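A.B. asks: Right, I'll just put the structure down here and ask away after.
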Amino acid sequence: MTDKVIVAVVGSVTPSKKGYELAMELGKALVDNGFLIVTGGLNGIMEAVSRGARRSKMWSGREILGITPGWDREKSNPWVDIEIDSGLGRFRNTLLVNVCNVVIGIEGGSGTLSELALAWQEGKPICCLDTGTGWSSILGSEKLDARRLHPILKSTSIENIANWLDIIFPKGSFNIRGCLDWYHGTVPCIHRVYQEIDSVLELQSHFGMVMHIEQLKEKLTILEKAVVEENHTTQQERKALVTFDDGYRDVLILKDYFKDHPYLQPVLFIPSSFIVGDGQGNWFDLFYHLLCHSDKESSNHISNLDYFDPIEKEKLREMTWRSQIDYLKNFASERKKDFPVLSELYLTKDDIRHLVDSGWYIGSHGHYHHNLTLLEDEELEDELQRSLEAVLEVGGLPWLAYPDGQWNEKIVETALCAGFTRMFTIDNGLMKGIPQHVERTLWMGDIIETN
């Protein structure tokens, strides 16, 4: 399946000169703006829109699908990229309407009328270009019956159609006009949630990495309202993705919250070492615990950042996992501190399965949550493949959130080869041009101040 939106263009086999020219303009505009096109594959409007599509600089030879009736293959126009000889005759109209996500009509006779009627019955968004002739010009601004609240949209220009499509199928957080199930506004990235504070949470709050559960619920309420309002405006049924990183057990506070909020879809990105049990925790959690705890029984309360050395943290960020663990063990030994055991901080394999059963999506946050750009090619391939297999084994999806937001072209290529279909990042400046990327917004909680 493609991630791109498929636009069906239906219309007359004997169009007016104006209709033919507008169809060519429409074809180019659709491909320019990242849409795929499906037509009946024959002449007239079908030919014109296909011909115009090839004039787009974005045309690659895979954008124009023609589903022909099958009774006269020689009538197929030469500008179709992919031809499907349906062999269905007029029943082909039903197939064409069900393949697409939206229908645009230009002029047309009884065949076009049947396609517009089928699209109306199937609940597809419909726009008719008014050229002054044909069924498309007649039906613009009309309701075919009482089954739908809004009439067919009437347009007089290609620019109006492009603006309409942009409202219904915006890019937003996604880098392509796909993701038809998902709200295209904010995709939040959340790390730790909490009800009770401790010294580590207090330290993490200075970096915006923790949020009180009630503050989070307030923000989610606002997000859900925005989704409902947009769904009403665009006549869609999308959900907003709500992503949680790092695999903290704290998310169990929200295990059943989303059952009562159907327009919000929780996604957990977890280092797969937690699933297979061959890791010792996120390096930054180990670091923070070493700063906050002098031994297993007591803690130094952190009310400021006096104990925190940002240079130390940056050193760790530029190491691979094994080097991070060695460095932190030496860090603990030099300060005569016990090396932290953080297993209770993270979700177990059973916890993850329970979240999946509750409707949560699970994705990969790498295997060890270290900087993937530091790995050699074979190491990178092995880590991403292992991580994907572990996530799929617990019922997850082939989605990847880059650990620490670090990525490059090699990582994108390796992730796609491994089988990941979406990659999530909060680095908005680098993500442009990667179709599989989803842009996230970091939701930061308040700084915790205690005496």
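Here's how to read the names in the structure tokens: chain A, B, ... by the order shown, residue numbers from 1 in each chain, ligand numbers from 1 in the order shown.
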I'd like the contact shell of stretch 14-27 of chain A - 7 Å cut-off, only C-alpha atoms, skipping same-chain residues fewer than 6 positions apart - returned as a PyMOL selection string.
C.D. replies: chain A and resi 44-45+48-53+106-107+131+158
A.B. asks: Which neighbours of A:Gly109 fall inside 8 Å, counting only C-alpha atoms, when residues of the same chain fewer than 2 positions from it are skipped, and could you give them as a ChimeraX atom specification?
C.D. replies: /A:11-12,107,111-113,134-135
A.B. asks: Residues near stretch 391-407 of chain A, anyone? I mean within 7 Å using only C-alpha atoms, not counting same-chain ones fewer than 5 positions away, as a PyMOL selection string.
C.D. replies: chain A and resi 269+272+353+356+361-366+369-373+419-427
A.B. asks: Mind giving me the straight-line distance from atom CA of A:Gln324 to atom CA of A:Ile311 in Å, one decimal?
C.D. replies: 14.1 Å
A.B. asks: Report the residues of stretch 63-136 of chain A whose backbone DSSP state falls under strand (DSSP E), written as a ChimeraX atom specification.
C.D. replies: /A:64-68,82-85,102-106,126-129
A.B. asks: Would you mind listing what lies within 8 Å of A:Ser56 as a PyMOL selection string, with only C-alpha atoms counted and same-chain residues fewer than 4 positions away left out?
C.D. replies: chain A and resi 28-29+31-32+52
A.B. asks: Using only C-alpha atoms, which residue out of A:Met46, A:His184, A:Glu115, A:Trp283 lies closest to A:Leu95?
C.D. replies: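 Among the listed residues, A:Glu115 lies closest to A:Leu95.
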A.B. asks: Restricting the calculation to only C-alpha atoms: of A:Gln215, A:Thr234, A:Thr348, A:Ser110, which residue gets closest to A:Gly445?
C.D. replies: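 Among A:Gln215, A:Thr234, A:Thr348, A:Ser110, it is A:Gln215 that comes nearest to A:Gly445.
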A.B. asks: May I have the residues within 6 Å of stretch 255-268 of chain A as number ranges by chain, using only C-alpha atoms and disregarding those fewer than 2 positions away in the same chain?
C.D. replies: A: 239-244, 252-253, 360-362
A.B. asks: Print the selection's residues with all heavy atoms to a file, as a short mmCIF file (atom, residue, chain, number, x, y, z; two decimals), in the first residue's frame.
C.D. replies:
```cif
data_model
loop_
_atom_site.label_atom_id
_atom_site.label_comp_id
_atom_site.auth_asym_id
_atom_site.auth_seq_id
_atom_site.Cartn_x
_atom_site.Cartn_y
_atom_site.Cartn_z
N LYS A 239 -7.13 10.29 14.09
CA LYS A 239 -6.68 10.31 15.47
C LYS A 239 -5.34 11.04 15.55
O LYS A 239 -4.59 11.06 14.57
CB LYS A 239 -6.50 8.90 16.01
CG LYS A 239 -7.76 8.06 16.09
CD LYS A 239 -7.42 6.70 16.69
CE LYS A 239 -8.65 5.82 16.82
NZ LYS A 239 -8.32 4.51 17.46
N ALA A 240 -5.03 11.57 16.72
CA ALA A 240 -3.72 12.17 16.95
C ALA A 240 -2.79 11.14 17.57
O ALA A 240 -3.18 10.43 18.51
CB ALA A 240 -3.84 13.37 17.87
N LEU A 241 -1.59 11.03 17.04
CA LEU A 241 -0.57 10.19 17.66
C LEU A 241 0.00 10.92 18.87
O LEU A 241 0.30 12.10 18.81
CB LEU A 241 0.55 9.90 16.66
CG LEU A 241 0.17 9.08 15.42
CD1 LEU A 241 1.36 8.98 14.48
CD2 LEU A 241 -0.32 7.69 15.81
N VAL A 242 0.13 10.19 19.98
CA VAL A 242 0.74 10.73 21.21
C VAL A 242 1.88 9.79 21.56
O VAL A 242 1.65 8.64 21.92
CB VAL A 242 -0.28 10.80 22.36
CG1 VAL A 242 0.37 11.36 23.62
CG2 VAL A 242 -1.50 11.62 21.96
N THR A 243 3.12 10.26 21.44
CA THR A 243 4.27 9.37 21.56
C THR A 243 4.98 9.54 22.91
O THR A 243 5.15 10.65 23.41
CB THR A 243 5.28 9.59 20.42
OG1 THR A 243 5.90 10.87 20.54
CG2 THR A 243 4.58 9.50 19.06
N PHE A 244 5.39 8.40 23.46
CA PHE A 244 6.13 8.34 24.73
C PHE A 244 7.46 7.63 24.47
O PHE A 244 7.47 6.52 23.93
CB PHE A 244 5.34 7.58 25.79
CG PHE A 244 4.03 8.22 26.16
CD1 PHE A 244 2.88 7.99 25.40
CD2 PHE A 244 3.94 9.05 27.26
CE1 PHE A 244 1.67 8.58 25.74
CE2 PHE A 244 2.73 9.65 27.61
CZ PHE A 244 1.60 9.42 26.85
N LEU A 252 2.36 3.42 32.74
CA LEU A 252 1.26 2.55 33.18
C LEU A 252 0.18 3.34 33.91
O LEU A 252 -0.96 2.89 34.01
CB LEU A 252 1.79 1.43 34.07
CG LEU A 252 2.71 0.41 33.37
CD1 LEU A 252 3.21 -0.63 34.37
CD2 LEU A 252 1.99 -0.28 32.21
N ILE A 253 0.54 4.53 34.39
CA ILE A 253 -0.47 5.43 34.97
C ILE A 253 -1.56 5.71 33.94
O ILE A 253 -2.73 5.91 34.27
CB ILE A 253 0.17 6.76 35.42
CG1 ILE A 253 1.30 6.53 36.40
CG2 ILE A 253 -0.88 7.70 36.01
CD1 ILE A 253 2.12 7.79 36.68
N TRP A 360 -2.38 0.25 22.80
CA TRP A 360 -1.20 1.04 22.54
C TRP A 360 -0.43 0.49 21.36
O TRP A 360 -0.43 -0.72 21.10
CB TRP A 360 -0.27 1.04 23.77
CG TRP A 360 -0.73 1.89 24.91
CD1 TRP A 360 -1.94 1.82 25.56
CD2 TRP A 360 0.01 2.93 25.55
NE1 TRP A 360 -2.00 2.74 26.56
CE2 TRP A 360 -0.81 3.45 26.59
CE3 TRP A 360 1.28 3.47 25.37
CZ2 TRP A 360 -0.40 4.48 27.42
CZ3 TRP A 360 1.69 4.49 26.20
CH2 TRP A 360 0.86 5.00 27.20
N TYR A 361 0.25 1.39 20.62
CA TYR A 361 1.20 0.98 19.60
C TYR A 361 2.60 0.97 20.21
O TYR A 361 2.92 1.81 21.07
CB TYR A 361 1.20 1.96 18.42
CG TYR A 361 -0.04 1.94 17.56
CD1 TYR A 361 -0.23 2.90 16.56
CD2 TYR A 361 -1.04 0.98 17.72
CE1 TYR A 361 -1.35 2.90 15.75
CE2 TYR A 361 -2.16 0.98 16.92
CZ TYR A 361 -2.32 1.94 15.94
OH TYR A 361 -3.43 1.93 15.15
N ILE A 362 3.42 0.03 19.78
CA ILE A 362 4.79 -0.08 20.26
C ILE A 362 5.74 0.08 19.07
O ILE A 362 5.55 -0.54 18.03
CB ILE A 362 5.05 -1.44 20.94
CG1 ILE A 362 4.01 -1.69 22.04
CG2 ILE A 362 6.47 -1.49 21.51
CD1 ILE A 362 4.04 -0.70 23.18
#
```
A.B. asks: Mind pulling up the distance from atom CA of A:Arg440 to atom CA of A:Phe174?
C.D. replies: 9.2 Å
A.B. asks: Please give the complete set of residues from stretch 227-286 of chain A that DSSP, run on the backbone, assigns to alpha helix (DSSP H), formatted as an MDAnalysis selection string.
C.D. replies: chainID A and resid 227:234 273:276 283:286
A.B. asks: Would you save the residues from that selection as a compact mmCIF listing (two decimals), in the first residue's frame, using all heavy atoms?
C.D. replies:
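Generated output (again.txt):
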```txt
# COMPACT_ATOMS: atom_id res chain seq x y z
N VAL A 227 -8.40 17.89 17.34
CA VAL A 227 -8.63 16.79 16.40
C VAL A 227 -10.10 16.70 16.04
O VAL A 227 -10.47 16.58 14.86
CB VAL A 227 -8.15 15.46 17.00
CG1 VAL A 227 -8.46 14.30 16.05
CG2 VAL A 227 -6.65 15.50 17.29
N VAL A 228 -10.96 16.77 17.04
CA VAL A 228 -12.41 16.68 16.81
C VAL A 228 -12.87 17.81 15.91
O VAL A 228 -13.67 17.60 14.97
CB VAL A 228 -13.16 16.68 18.15
CG1 VAL A 228 -14.67 16.80 17.91
CG2 VAL A 228 -12.85 15.41 18.94
N GLU A 229 -12.38 19.01 16.16
CA GLU A 229 -12.78 20.17 15.35
C GLU A 229 -12.32 20.01 13.91
O GLU A 229 -13.07 20.32 12.97
CB GLU A 229 -12.22 21.45 15.97
CG GLU A 229 -12.90 21.84 17.28
CD GLU A 229 -12.27 23.06 17.92
OE1 GLU A 229 -11.21 23.51 17.42
OE2 GLU A 229 -12.84 23.58 18.90
N GLU A 230 -11.08 19.54 13.71
CA GLU A 230 -10.59 19.37 12.34
C GLU A 230 -11.35 18.25 11.63
O GLU A 230 -11.66 18.36 10.44
CB GLU A 230 -9.09 19.07 12.32
CG GLU A 230 -8.57 18.93 10.89
CD GLU A 230 -7.06 18.78 10.83
OE1 GLU A 230 -6.37 19.76 11.15
OE2 GLU A 230 -6.60 17.69 10.45
N ASN A 231 -11.65 17.19 12.34
CA ASN A 231 -12.42 16.10 11.73
C ASN A 231 -13.78 16.60 11.26
O ASN A 231 -14.27 16.20 10.19
CB ASN A 231 -12.61 14.95 12.73
CG ASN A 231 -11.39 14.07 12.86
OD1 ASN A 231 -10.50 14.10 12.02
ND2 ASN A 231 -11.33 13.29 13.92
N HIS A 232 -14.39 17.46 12.05
CA HIS A 232 -15.68 18.01 11.65
C HIS A 232 -15.55 18.87 10.41
O HIS A 232 -16.36 18.78 9.47
CB HIS A 232 -16.27 18.83 12.80
CG HIS A 232 -17.57 19.49 12.46
ND1 HIS A 232 -18.76 18.80 12.36
CD2 HIS A 232 -17.87 20.80 12.18
CE1 HIS A 232 -19.72 19.63 12.04
NE2 HIS A 232 -19.23 20.85 11.92
N THR A 233 -14.50 19.69 10.35
CA THR A 233 -14.29 20.59 9.22
C THR A 233 -13.99 19.82 7.94
O THR A 233 -14.48 20.17 6.86
CB THR A 233 -13.12 21.56 9.52
OG1 THR A 233 -13.45 22.33 10.69
CG2 THR A 233 -12.87 22.49 8.35
N THR A 234 -13.16 18.78 8.04
CA THR A 234 -12.69 18.05 6.85
C THR A 234 -13.48 16.78 6.58
O THR A 234 -13.19 16.09 5.60
CB THR A 234 -11.21 17.68 7.00
OG1 THR A 234 -11.05 16.81 8.14
CG2 THR A 234 -10.36 18.93 7.20
N SER A 273 16.36 -3.47 23.99
CA SER A 273 17.13 -4.22 25.00
C SER A 273 16.27 -4.49 26.23
O SER A 273 16.49 -5.47 26.94
CB SER A 273 18.39 -3.44 25.39
OG SER A 273 18.07 -2.17 25.91
N PHE A 274 15.27 -3.63 26.49
CA PHE A 274 14.36 -3.88 27.61
C PHE A 274 13.49 -5.10 27.34
O PHE A 274 13.08 -5.80 28.26
CB PHE A 274 13.45 -2.67 27.86
CG PHE A 274 14.16 -1.40 28.23
CD1 PHE A 274 13.48 -0.21 28.31
CD2 PHE A 274 15.52 -1.39 28.49
CE1 PHE A 274 14.12 0.97 28.65
CE2 PHE A 274 16.19 -0.21 28.84
CZ PHE A 274 15.48 0.97 28.91
N ILE A 275 13.19 -5.33 26.07
CA ILE A 275 12.33 -6.45 25.69
C ILE A 275 13.08 -7.78 25.80
O ILE A 275 12.57 -8.76 26.35
CB ILE A 275 11.79 -6.27 24.26
CG1 ILE A 275 10.94 -4.99 24.16
CG2 ILE A 275 10.98 -7.48 23.82
CD1 ILE A 275 10.51 -4.65 22.74
N VAL A 276 14.32 -7.80 25.30
CA VAL A 276 15.09 -9.05 25.30
C VAL A 276 15.94 -9.20 26.54
O VAL A 276 16.49 -10.29 26.80
CB VAL A 276 15.98 -9.15 24.04
CG1 VAL A 276 15.13 -9.07 22.78
CG2 VAL A 276 17.04 -8.04 24.01
N TRP A 283 21.46 5.22 29.32
CA TRP A 283 22.68 5.79 29.88
C TRP A 283 22.43 7.04 30.69
O TRP A 283 23.06 7.27 31.73
CB TRP A 283 23.69 6.08 28.75
CG TRP A 283 23.27 7.16 27.78
CD1 TRP A 283 22.60 6.98 26.60
CD2 TRP A 283 23.48 8.56 27.92
NE1 TRP A 283 22.38 8.19 25.98
CE2 TRP A 283 22.92 9.19 26.77
CE3 TRP A 283 24.08 9.37 28.88
CZ2 TRP A 283 22.93 10.55 26.58
CZ3 TRP A 283 24.11 10.75 28.69
CH2 TRP A 283 23.54 11.33 27.55
N PHE A 284 21.48 7.87 30.26
CA PHE A 284 21.22 9.13 30.98
C PHE A 284 20.54 8.86 32.31
O PHE A 284 20.78 9.58 33.29
CB PHE A 284 20.40 10.09 30.12
CG PHE A 284 19.29 9.46 29.35
CD1 PHE A 284 18.04 9.29 29.91
CD2 PHE A 284 19.49 9.01 28.04
CE1 PHE A 284 17.01 8.69 29.20
CE2 PHE A 284 18.47 8.42 27.32
CZ PHE A 284 17.22 8.25 27.90
N ASP A 285 19.71 7.82 32.39
CA ASP A 285 19.11 7.47 33.67
C ASP A 285 20.17 6.99 34.65
O ASP A 285 20.15 7.35 35.84
CB ASP A 285 18.05 6.39 33.49
CG ASP A 285 16.83 6.88 32.74
OD1 ASP A 285 16.42 8.04 32.98
OD2 ASP A 285 16.29 6.13 31.91
N LEU A 286 21.09 6.18 34.17
CA LEU A 286 22.19 5.73 35.02
C LEU A 286 23.01 6.93 35.51
O LEU A 286 23.39 7.01 36.69
CB LEU A 286 23.08 4.76 34.25
CG LEU A 286 22.44 3.42 33.85
CD1 LEU A 286 23.29 2.72 32.80
CD2 LEU A 286 22.26 2.54 35.08
```
A.B. asks: Return the single residue from A:Gly61, A:Pro271, A:Gly66, A:Gly277 that is closest to A:Val38, with distances computed using only C-alpha atoms.
C.D. replies: A:Gly66
A.B. asks: Given only C-alpha atoms as the basis, pick out the residue of A:Asn77, A:Thr414, A:Asn93, A:Asn408 nearest to A:Leu388.
C.D. replies: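 That would be A:Thr414, the residue with the smallest distance to A:Leu388.
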A.B. asks: Given the choices A:Leu36, A:Leu374, A:Leu355, A:Leu291, which gets closest to A:Ala332 if the distance is worked out from only C-alpha atoms?
C.D. replies: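 Answer, going by the shortest atom-to-atom distance: A:Leu291.
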A.B. asks: Between A:Gly87, A:Gly281, A:Pro170, A:Gly40, single out the one closest to A:Ser343, counting only C-alpha atoms.
C.D. replies: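 The shortest atom-to-atom distance to A:Ser343 comes from A:Gly281.
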A.B. asks: Might you pull out every residue within 7 Å of A:Ser136, with only C-alpha atoms counted and same-chain residues fewer than 5 positions away left off, and present them as a short mmCIF file (atom, residue, chain, number, x, y, z; two decimals) with N, CA and C atoms, in the first residue's frame?
C.D. replies:
```cif
data_model
loop_
_atom_site.label_atom_id
_atom_site.label_comp_id
_atom_site.auth_asym_id
_atom_site.auth_seq_id
_atom_site.Cartn_x
_atom_site.Cartn_y
_atom_site.Cartn_z
N GLY A 105 -14.44 15.59 -10.45
CA GLY A 105 -15.15 15.42 -11.71
C GLY A 105 -14.98 16.62 -12.62
N ILE A 106 -14.80 16.34 -13.93
CA ILE A 106 -14.71 17.40 -14.93
C ILE A 106 -15.62 17.03 -16.10
N GLU A 107 -16.67 17.82 -16.25
CA GLU A 107 -17.65 17.58 -17.33
C GLU A 107 -18.20 16.16 -17.22
N GLY A 108 -18.38 15.44 -18.34
CA GLY A 108 -18.79 14.04 -18.26
C GLY A 108 -20.24 13.77 -18.59
N CYS A 128 -16.37 19.04 -7.94
CA CYS A 128 -16.67 19.10 -9.37
C CYS A 128 -16.21 20.45 -9.93
N LEU A 129 -15.43 20.37 -11.01
CA LEU A 129 -14.94 21.58 -11.68
C LEU A 129 -16.01 22.07 -12.66
N ASP A 130 -16.43 23.29 -12.51
CA ASP A 130 -17.50 23.84 -13.33
C ASP A 130 -16.93 24.50 -14.58
#
```
A.B. asks: Within 6 Å of A:Gly140, counting only C-alpha atoms, which residues show up once you throw out same-chain ones fewer than 3 positions away? Write them as a list in words, please.
C.D. replies: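 Counting only C-alpha atoms, the residues come to Cys128, Ser137, Ile152, Leu153 and Lys154 of chain A.
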A.B. asks: Interatomic distance between atom CA of A:Val10 and atom CA of A:Leu116?
C.D. replies: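 We find that atom CA of A:Val10 and atom CA of A:Leu116 lie 8.1 Å from each other.
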